[in-house]
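K.L.:
Just one file: entry.cif, with mmCIF, C-alpha atoms.
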data_my_file
#
loop_
_atom_site.label_atom_id
_atom_site.label_comp_id
_atom_site.auth_asym_id
_atom_site.auth_seq_id
_atom_site.Cartn_x
_atom_site.Cartn_y
_atom_site.Cartn_z
CA MET D 1 0.00 0.00 0.00
CA LYS D 2 1.40 3.39 -1.02
CA VAL D 3 1.54 6.17 1.54
CA PHE D 4 2.19 9.70 0.25
CA ILE D 5 4.06 11.83 2.80
CA SER D 6 3.71 15.56 2.14
CA TRP D 7 6.14 18.09 3.64
CA SER D 8 7.35 21.67 3.27
CA GLY D 9 10.29 23.24 5.09
CA GLU D 10 13.35 21.77 6.81
CA ARG D 11 11.74 20.60 10.05
CA SER D 12 8.74 19.16 8.20
CA ARG D 13 11.19 17.27 5.94
CA LEU D 14 12.88 15.73 8.98
CA VAL D 15 9.50 14.66 10.36
CA ALA D 16 8.59 13.14 6.99
CA GLU D 17 11.90 11.27 6.79
CA ALA D 18 11.36 9.86 10.28
CA LEU D 19 7.90 8.58 9.27
CA ARG D 20 9.23 7.22 5.98
CA TYR D 21 11.82 5.17 7.87
CA TRP D 22 9.48 4.05 10.65
CA LEU D 23 6.19 3.09 8.97
CA PRO D 24 7.49 -0.02 7.10
CA LYS D 25 9.10 -1.23 10.33
CA VAL D 26 5.65 -1.52 11.90
CA ILE D 27 3.79 -2.78 8.82
CA GLN D 28 6.15 -4.12 6.15
CA ALA D 29 3.57 -3.86 3.35
CA ILE D 30 3.53 -0.06 3.62
CA GLN D 31 5.34 1.69 0.75
CA PRO D 32 5.98 5.27 1.92
CA TRP D 33 6.85 7.95 -0.64
CA MET D 34 8.23 11.46 -0.19
CA SER D 35 9.65 13.66 -2.92
CA SER D 36 13.13 14.33 -1.53
CA SER D 37 13.99 10.63 -1.23
CA ASP D 38 12.13 8.77 -3.94
CA ILE D 39 12.60 10.71 -7.19
CA GLU D 40 15.33 9.23 -9.36
CA LYS D 41 17.89 11.55 -10.92
CA GLY D 42 16.98 12.53 -14.45
CA THR D 43 13.22 12.08 -14.03
CA ARG D 44 10.66 14.88 -14.25
CA TRP D 45 9.94 15.37 -10.57
CA ARG D 46 6.59 17.12 -11.06
CA THR D 47 5.30 14.25 -13.18
CA ASP D 48 6.48 11.75 -10.55
CA ILE D 49 4.70 13.66 -7.77
CA ALA D 50 1.49 13.81 -9.81
CA SER D 51 1.68 10.06 -10.40
CA GLU D 52 2.27 9.27 -6.73
CA LEU D 53 -0.61 11.50 -5.66
CA GLU D 54 -2.91 9.52 -7.95
CA GLN D 55 -1.72 6.10 -6.77
CA SER D 56 -1.53 6.63 -3.01
CA SER D 57 -4.15 5.14 -0.68
CA ILE D 58 -2.95 7.05 2.40
CA GLY D 59 -1.83 10.67 2.62
CA ILE D 60 0.07 12.10 5.60
CA ILE D 61 0.66 15.87 5.66
CA CYS D 62 3.51 16.82 8.02
CA LEU D 63 2.69 20.12 9.73
CA THR D 64 4.99 22.21 11.92
CA PRO D 65 4.50 25.73 13.31
CA ASP D 66 6.61 27.18 10.48
CA ASN D 67 4.75 25.66 7.50
CA LEU D 68 1.04 26.09 8.32
CA ASN D 69 0.60 28.59 5.47
CA SER D 70 2.61 26.65 2.89
CA THR D 71 1.06 27.05 -0.58
CA TRP D 72 2.65 23.76 -1.63
CA LEU D 73 1.13 21.77 1.24
CA HIS D 74 -2.29 23.27 0.51
CA PHE D 75 -2.00 22.16 -3.11
CA GLU D 76 -0.93 18.58 -2.29
CA ALA D 77 -3.70 18.38 0.33
CA GLY D 78 -6.21 19.50 -2.30
CA ALA D 79 -4.93 16.91 -4.77
CA LEU D 80 -5.26 14.17 -2.16
CA SER D 81 -8.74 15.32 -1.12
CA LYS D 82 -9.97 14.88 -4.71
CA GLN D 83 -9.63 11.14 -4.07
CA LEU D 84 -11.10 11.33 -0.57
CA GLN D 85 -13.53 8.45 -1.18
CA ASN D 86 -10.63 6.07 -1.82
CA THR D 87 -7.90 7.79 0.18
CA TYR D 88 -7.40 8.35 3.92
CA VAL D 89 -5.74 11.72 4.52
CA CYS D 90 -4.53 13.04 7.85
CA THR D 91 -2.35 15.86 9.13
CA PHE D 92 0.60 14.88 11.33
CA LEU D 93 1.09 17.60 13.94
CA TYR D 94 4.61 18.25 15.23
CA GLY D 95 4.72 21.00 17.83
CA LEU D 96 1.08 21.87 17.13
CA GLU D 97 -2.39 21.31 18.54
CA PRO D 98 -5.48 20.56 16.38
CA ALA D 99 -6.83 24.04 17.16
CA ASP D 100 -3.78 25.57 15.42
CA VAL D 101 -4.77 24.11 12.03
CA ARG D 102 -7.01 26.19 9.78
CA GLU D 103 -8.99 25.38 6.66
CA PRO D 104 -8.46 23.83 4.19
CA LEU D 105 -6.13 21.56 6.21
CA ALA D 106 -8.55 21.43 9.15
CA GLN D 107 -10.92 19.23 7.12
CA PHE D 108 -8.63 16.23 7.65
CA GLN D 109 -8.24 14.03 10.71
CA THR D 110 -5.31 15.09 12.91
CA THR D 111 -2.61 12.85 14.34
CA LYS D 112 -0.39 14.35 17.03
CA ALA D 113 3.23 13.25 17.37
CA GLN D 114 2.53 11.15 20.44
CA ARG D 115 2.19 7.45 21.17
CA ASP D 116 -1.60 7.04 21.43
CA ASP D 117 -2.36 9.03 18.27
CA LEU D 118 0.34 7.21 16.28
CA LYS D 119 -1.09 3.86 17.35
CA LYS D 120 -4.53 4.92 16.08
CA LEU D 121 -2.98 5.96 12.76
CA ILE D 122 -1.22 2.61 12.41
CA GLN D 123 -4.48 0.79 13.16
CA THR D 124 -6.26 2.87 10.51
CA ILE D 125 -3.61 2.04 7.92
CA ASN D 126 -3.73 -1.64 8.84
CA ASN D 127 -7.53 -1.69 8.49
CA ALA D 128 -7.19 -0.19 5.02
CA PHE D 129 -5.61 -3.45 3.86
CA GLY D 130 -9.01 -5.13 4.21
CA GLU D 131 -8.72 -8.90 4.11
CA LYS D 132 -4.92 -8.63 4.00
CA LYS D 133 -4.68 -6.73 7.28
CA LEU D 134 -2.39 -8.05 10.01
CA PRO D 135 -3.81 -9.31 13.32
CA ASP D 136 -4.23 -6.41 15.76
CA SER D 137 -2.13 -8.18 18.39
CA GLU D 138 0.78 -8.48 15.95
CA VAL D 139 0.54 -4.82 14.91
CA ASN D 140 0.36 -3.64 18.54
CA GLU D 141 3.38 -5.72 19.50
CA THR D 142 5.44 -4.42 16.59
CA PHE D 143 4.34 -0.87 17.35
CA ASP D 144 5.52 -1.17 20.95
CA VAL D 145 8.94 -2.34 19.75
CA TRP D 146 9.44 0.46 17.19
CA TRP D 147 7.73 3.42 18.86
CA PRO D 148 10.83 4.40 20.95
CA LYS D 149 12.86 4.61 17.70
CA LEU D 150 10.43 7.12 16.18
CA GLU D 151 10.10 9.03 19.43
CA GLN D 152 13.89 9.41 19.56
CA ARG D 153 14.14 10.63 15.95
CA LEU D 154 11.39 13.18 16.46
CA SER D 155 12.94 14.46 19.68
CA ASN D 156 16.26 15.02 17.85
CA ILE D 157 14.72 17.43 15.34
CA PRO D 158 16.30 20.84 16.01
CA GLU D 159 14.36 23.93 16.99
CA PRO D 160 13.71 26.43 14.18
CA GLN D 161 16.41 28.99 13.52
CA SER D 162 15.60 32.53 14.54
CA SER D 163 16.72 34.01 11.21
CA PRO D 164 13.90 34.28 8.66
CA LYS D 165 14.05 32.01 5.64
CA THR D 166 14.29 33.46 2.16
CA GLN D 167 10.86 33.46 0.56
CA ARG D 168 10.45 31.99 -2.90
CA GLU D 169 9.12 34.18 -5.67
CA GLU D 170 5.33 34.01 -6.08
CA ARG D 171 5.70 33.40 -9.82
CA GLU D 172 7.95 30.38 -9.20
CA ILE D 173 5.44 28.83 -6.81
CA LEU D 174 2.51 29.45 -9.14
CA GLU D 175 4.36 27.97 -12.12
CA GLU D 176 5.17 24.82 -10.13
CA ILE D 177 1.54 24.39 -9.08
CA LEU D 178 0.29 24.93 -12.62
CA GLU D 179 2.73 22.40 -14.09
CA LEU D 180 1.82 19.82 -11.45
CA VAL D 181 -1.90 20.31 -12.12
CA ARG D 182 -1.26 19.76 -15.81
CA ALA D 183 0.84 16.66 -15.10
CA GLN D 184 -1.99 15.17 -13.03
CA TYR D 185 -4.51 15.88 -15.77
CA ARG D 186 -2.27 14.37 -18.49
CA SER D 187 -1.91 11.26 -16.34
CA LYS D 188 -5.69 10.87 -16.10
CA GLU D 189 -6.09 11.60 -19.81
CA ALA D 190 -3.63 8.83 -20.69
CA GLU D 191 -5.67 6.32 -18.66
CA SER D 192 -8.96 7.35 -20.30
CA PRO D 193 -10.09 5.52 -23.46
CA MET D 194 -11.58 8.80 -24.76
CA PRO D 195 -9.38 11.84 -25.40
CA CYS D 196 -10.34 15.01 -23.57
CA ALA D 197 -9.22 18.59 -23.69
CA ASP D 198 -6.59 19.80 -21.22
CA ARG D 199 -8.71 22.59 -19.77
CA ILE D 200 -6.84 24.96 -17.50
CA ILE D 201 -8.87 27.91 -16.25
CA SER D 202 -7.07 31.13 -15.36
CA GLY D 203 -7.92 32.74 -12.06
CA ALA D 204 -8.36 36.00 -13.98
CA GLU D 205 -11.44 34.49 -15.63
CA LEU D 206 -13.22 33.90 -12.33
CA SER D 207 -15.90 36.17 -10.94
CA THR D 208 -15.06 38.46 -8.04
CA SER D 209 -17.23 36.38 -5.70
CA ASP D 210 -15.50 33.10 -6.70
CA VAL D 211 -12.08 34.71 -6.26
CA GLN D 212 -13.04 35.87 -2.78
CA LEU D 213 -14.49 32.44 -1.98
CA LEU D 214 -11.27 30.65 -3.01
CA SER D 215 -9.15 33.26 -1.25
CA THR D 216 -10.91 32.55 2.04
CA TYR D 217 -10.94 28.77 1.53
CA LEU D 218 -7.22 28.55 0.61
CA ASP D 219 -6.20 31.25 3.09
CA THR D 220 -4.33 33.27 0.49
CA SER D 221 -4.72 36.64 -1.24
CA PRO D 222 -7.18 37.32 -4.08
CA ARG D 223 -4.22 38.57 -6.11
CA LEU D 224 -2.58 35.13 -6.01
CA ILE D 225 -5.86 33.45 -6.96
CA ARG D 226 -6.15 35.66 -10.05
CA LYS D 227 -2.57 34.79 -11.06
CA ALA D 228 -3.03 31.04 -10.69
CA GLY D 229 -4.27 28.47 -13.19
CA PHE D 230 -6.68 25.69 -12.23
CA GLN D 231 -7.58 22.38 -13.84
CA GLU D 232 -11.33 22.53 -14.41
CA ASP D 233 -12.33 19.50 -12.29
CA ALA D 234 -10.09 20.61 -9.41
CA LEU D 235 -11.50 24.14 -9.57
CA LEU D 236 -15.11 22.93 -9.47
CA HIS D 237 -14.29 20.65 -6.54
CA MET D 238 -12.64 23.47 -4.58
CA LEU D 239 -15.53 25.87 -5.24
CA MET D 240 -18.02 23.27 -4.07
CA ARG D 241 -16.05 22.62 -0.87
CA ALA D 242 -15.61 26.37 -0.31
CA ARG D 243 -19.35 27.02 -0.64
CA GLU D 244 -20.12 24.16 1.75
CA GLU D 245 -17.65 25.57 4.27
CA LYS D 246 -19.10 29.09 3.92
CA GLU D 247 -22.63 27.79 4.47
CA LYS D 248 -21.54 25.73 7.47
CA ASN D 249 -19.88 28.78 9.03
CA ARG D 250 -22.97 30.90 8.33
CA MET D 251 -25.25 28.38 10.03
CA SER D 252 -22.84 28.15 12.95
CA VAL D 253 -22.99 31.92 13.46
CA ILE D 254 -26.79 31.85 13.31
CA GLY D 255 -26.88 29.00 15.83
CA ASP D 256 -24.44 30.72 18.21
CA SER D 257 -26.35 34.00 18.12
CA GLY D 258 -29.61 32.34 19.14
CA ILE D 259 -31.45 34.44 16.57
CA PRO D 260 -33.94 32.42 14.51
CA GLN D 261 -33.42 32.60 10.78
CA THR D 262 -36.08 34.64 9.00
CA PRO D 263 -36.91 34.92 5.31
CA GLU D 264 -34.84 37.47 3.43
CA GLU D 265 -36.39 40.88 2.82
CA GLY D 266 -38.41 40.89 -0.35
CA SER D 267 -39.00 37.15 -0.39
CA ASN D 268 -42.41 35.67 -1.10
CA GLU D 269 -42.42 33.47 1.99
CA ASP D 270 -45.12 34.15 4.57
CA VAL D 271 -44.21 34.51 8.22
CA THR D 272 -46.76 32.78 10.38
CA SER D 273 -47.13 33.05 14.10
#
Starting from the file, lay out its structure as structure tokens.

P.N.:
Amino acid sequence: MKVFISWSGERSRLVAEALRYWLPKVIQAIQPWMSSSDIEKGTRWRTDIASELEQSSIGIICLTPDNLNSTWLHFEAGALSKQLQNTYVCTFLYGLEPADVREPLAQFQTTKAQRDDLKKLIQTINNAFGEKKLPDSEVNETFDVWWPKLEQRLSNIPEPQSSPKTQREEREILEEILELVRAQYRSKEAESPMPCADRIISGAELSTSDVQLLSTYLDTSPRLIRKAGFQEDALLHMLMRAREEKEKNRMSVIGDSGIPQTPEEGSNEDVTS
């Protein structure tokens, strides 16, 4: 079973490497994948990432205090969520609490870097094997043997440096995301018996309301949304999720205020006592 490990930033990379080493020790059938370790020299790394995103059954997003607003992590999380019916996705929190995680990453189950949460994650992965799953007693025993190894590796991760990191150019990030979206779409097109157009929609084509909706959902600026390009299916999926989230928040505010919802002014609905 393939497990896609998503990371961004030095400390997140060290967390991902620790998980990549440790997971197959507990369940040997796990095939973890992370970009820094598993891309062969000479290959097109964006194409490889797109392929792995499509094939993975489990997605683990490594979050640290310094990468919560990573554009790259948000993109990979969105790509994994497109397959949510067939893929289990969780955020792995290192130095964070669940309350620290905002949308869109907050939609996923959280796993804290502690023993009990890690055991639940391992049990979830084992259950995903279906009839090929290992006996729970065997998994628990192996977990108890290897947990101290992971705990030690995580505790050795250094604290963040005080000096600020150099920020990448916005254009570079946007170009990477656009190329990866296209690589994913080409991969799906190759598997389809019927050819289809490679439809990439520019953010500049979106309405002001949709731009604002995506800006809030992805926690980024409207200016970046207008500069980006989106594969049509991915865009429709994100807009749907964003509208659902907006409606859920609206209903939550109404419920918290204790004010009953009334028909909008000018509507044809009758108010009865």

K.L.:
Interatomic distance between atom CA of D:Pro148 and atom CA of D:Pro135?

P.N.:
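That distance, rounded to one decimal, is 21.5 Å.
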
K.L.:
What does the distance from atom CA of D:Asn249 to atom CA of D:Asp100 come to in Å, to one decimal?

P.N.:
17.6 Å

K.L.:
Given the file shown, determine the residues that the PyMOL selection byres ((chain D and resi 228) around 7) selects; report them as a list in words.

P.N.:
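Selected by the PyMOL selection byres ((chain D and resi 228) around 7) here: Leu174, Ser202, Gly203, Leu224, Ile225, Arg226, Lys227, Gly229 and Phe230 of chain D.
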
K.L.:
Could you tell me which residues the PyMOL selection byres ((chain D and resi 157) around 12) returns for this structure, as a PDB file with C-alpha atoms, keeping the file's coordinate frame?

P.N.:
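Final file, expr-v4.pdb:
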ATOM      1  CA  GLU D  10      13.350  21.770   6.810  1.00  0.00           C
ATOM      2  CA  ARG D  11      11.740  20.600  10.050  1.00  0.00           C
ATOM      3  CA  SER D  12       8.740  19.160   8.200  1.00  0.00           C
ATOM      4  CA  ARG D  13      11.190  17.270   5.940  1.00  0.00           C
ATOM      5  CA  LEU D  14      12.880  15.730   8.980  1.00  0.00           C
ATOM      6  CA  VAL D  15       9.500  14.660  10.360  1.00  0.00           C
ATOM      7  CA  ALA D  16       8.590  13.140   6.990  1.00  0.00           C
ATOM      8  CA  GLU D  17      11.900  11.270   6.790  1.00  0.00           C
ATOM      9  CA  ALA D  18      11.360   9.860  10.280  1.00  0.00           C
ATOM     10  CA  THR D  64       4.990  22.210  11.920  1.00  0.00           C
ATOM     11  CA  TYR D  94       4.610  18.250  15.230  1.00  0.00           C
ATOM     12  CA  GLY D  95       4.720  21.000  17.830  1.00  0.00           C
ATOM     13  CA  LEU D 150      10.430   7.120  16.180  1.00  0.00           C
ATOM     14  CA  GLU D 151      10.100   9.030  19.430  1.00  0.00           C
ATOM     15  CA  GLN D 152      13.890   9.410  19.560  1.00  0.00           C
ATOM     16  CA  ARG D 153      14.140  10.630  15.950  1.00  0.00           C
ATOM     17  CA  LEU D 154      11.390  13.180  16.460  1.00  0.00           C
ATOM     18  CA  SER D 155      12.940  14.460  19.680  1.00  0.00           C
ATOM     19  CA  ASN D 156      16.260  15.020  17.850  1.00  0.00           C
ATOM     20  CA  PRO D 158      16.300  20.840  16.010  1.00  0.00           C
ATOM     21  CA  GLU D 159      14.360  23.930  16.990  1.00  0.00           C
ATOM     22  CA  PRO D 160      13.710  26.430  14.180  1.00  0.00           C
ATOM     23  CA  GLN D 161      16.410  28.990  13.520  1.00  0.00           C
TER      24      GLN D 161
END

K.L.:
Quick check, in Å to one decimal: how far apart do atom CA of D:Gln55 and atom CA of D:Lys2 lie?

P.N.:
7.1 Å

K.L.:
So which one's closest to D:Thr111, D:Ser56, D:Thr124, D:Gln28, D:Gln212? Using only C-alpha atoms, please.

P.N.:
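Checking each candidate against D:Thr111, we get D:Thr124 as the closest.
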
K.L.:
Residues around (4.9, 0.6, 11.9), cut-off 12 Å, counting all atoms listed in the file - what are they as an NGL selection string?

P.N.:
:D and (18-32 or 115 or 118-126 or 134 or 138-150)

K.L.:
Measuring atom to atom with only C-alpha atoms, identify which of D:Glu131, D:Glu232, D:Asp210, D:Glu97 is nearest to D:Ala113.

P.N.:
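Checking each candidate against D:Ala113, we get D:Glu97 as the closest.
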
K.L.:
Once the PyMOL selection byres ((chain D and resi 245) around 10) has been applied to the shown file, what residues remain in the selection, as a PyMOL selection string?

P.N.:
chain D and resi 103-104+107+213+216-217+239-244+246-251

K.L.:
D:Ala79, D:Leu96, D:Ala204, D:Met1: which is nearest D:Gly130, counting only C-alpha atoms?

P.N.:
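Checking each of D:Ala79, D:Leu96, D:Ala204, D:Met1 against D:Gly130, counting only C-alpha atoms, the winner is D:Met1.
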
K.L.:
Can you work out which one of D:Leu235, D:Leu105, D:Leu206, D:Ala128 has the shortest atom-to-atom distance to D:Thr71, counting all atoms listed in the file?

P.N.:
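Using all atoms listed in the file, D:Thr71 sits closest to D:Leu105.
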
K.L.:
Centre and edge lengths, as JSON, for the axis-aligned box enclosing every listed atom of stretch 61-80 of chain D with 5 Å of padding on each of the six sides, in Å to one decimal?

P.N.:
{"center_x": 0.2, "center_y": 21.4, "center_z": 4.3, "size_x": 22.8, "size_y": 24.4, "size_z": 28.1}

K.L.:
Find the residue from D:Ile60, D:Leu73, D:Leu214, D:Leu93 that sits nearest to D:Asp117; use all atoms listed in the file when measuring.

P.N.:
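Residue with the minimum atom-to-atom distance to D:Asp117: D:Leu93.
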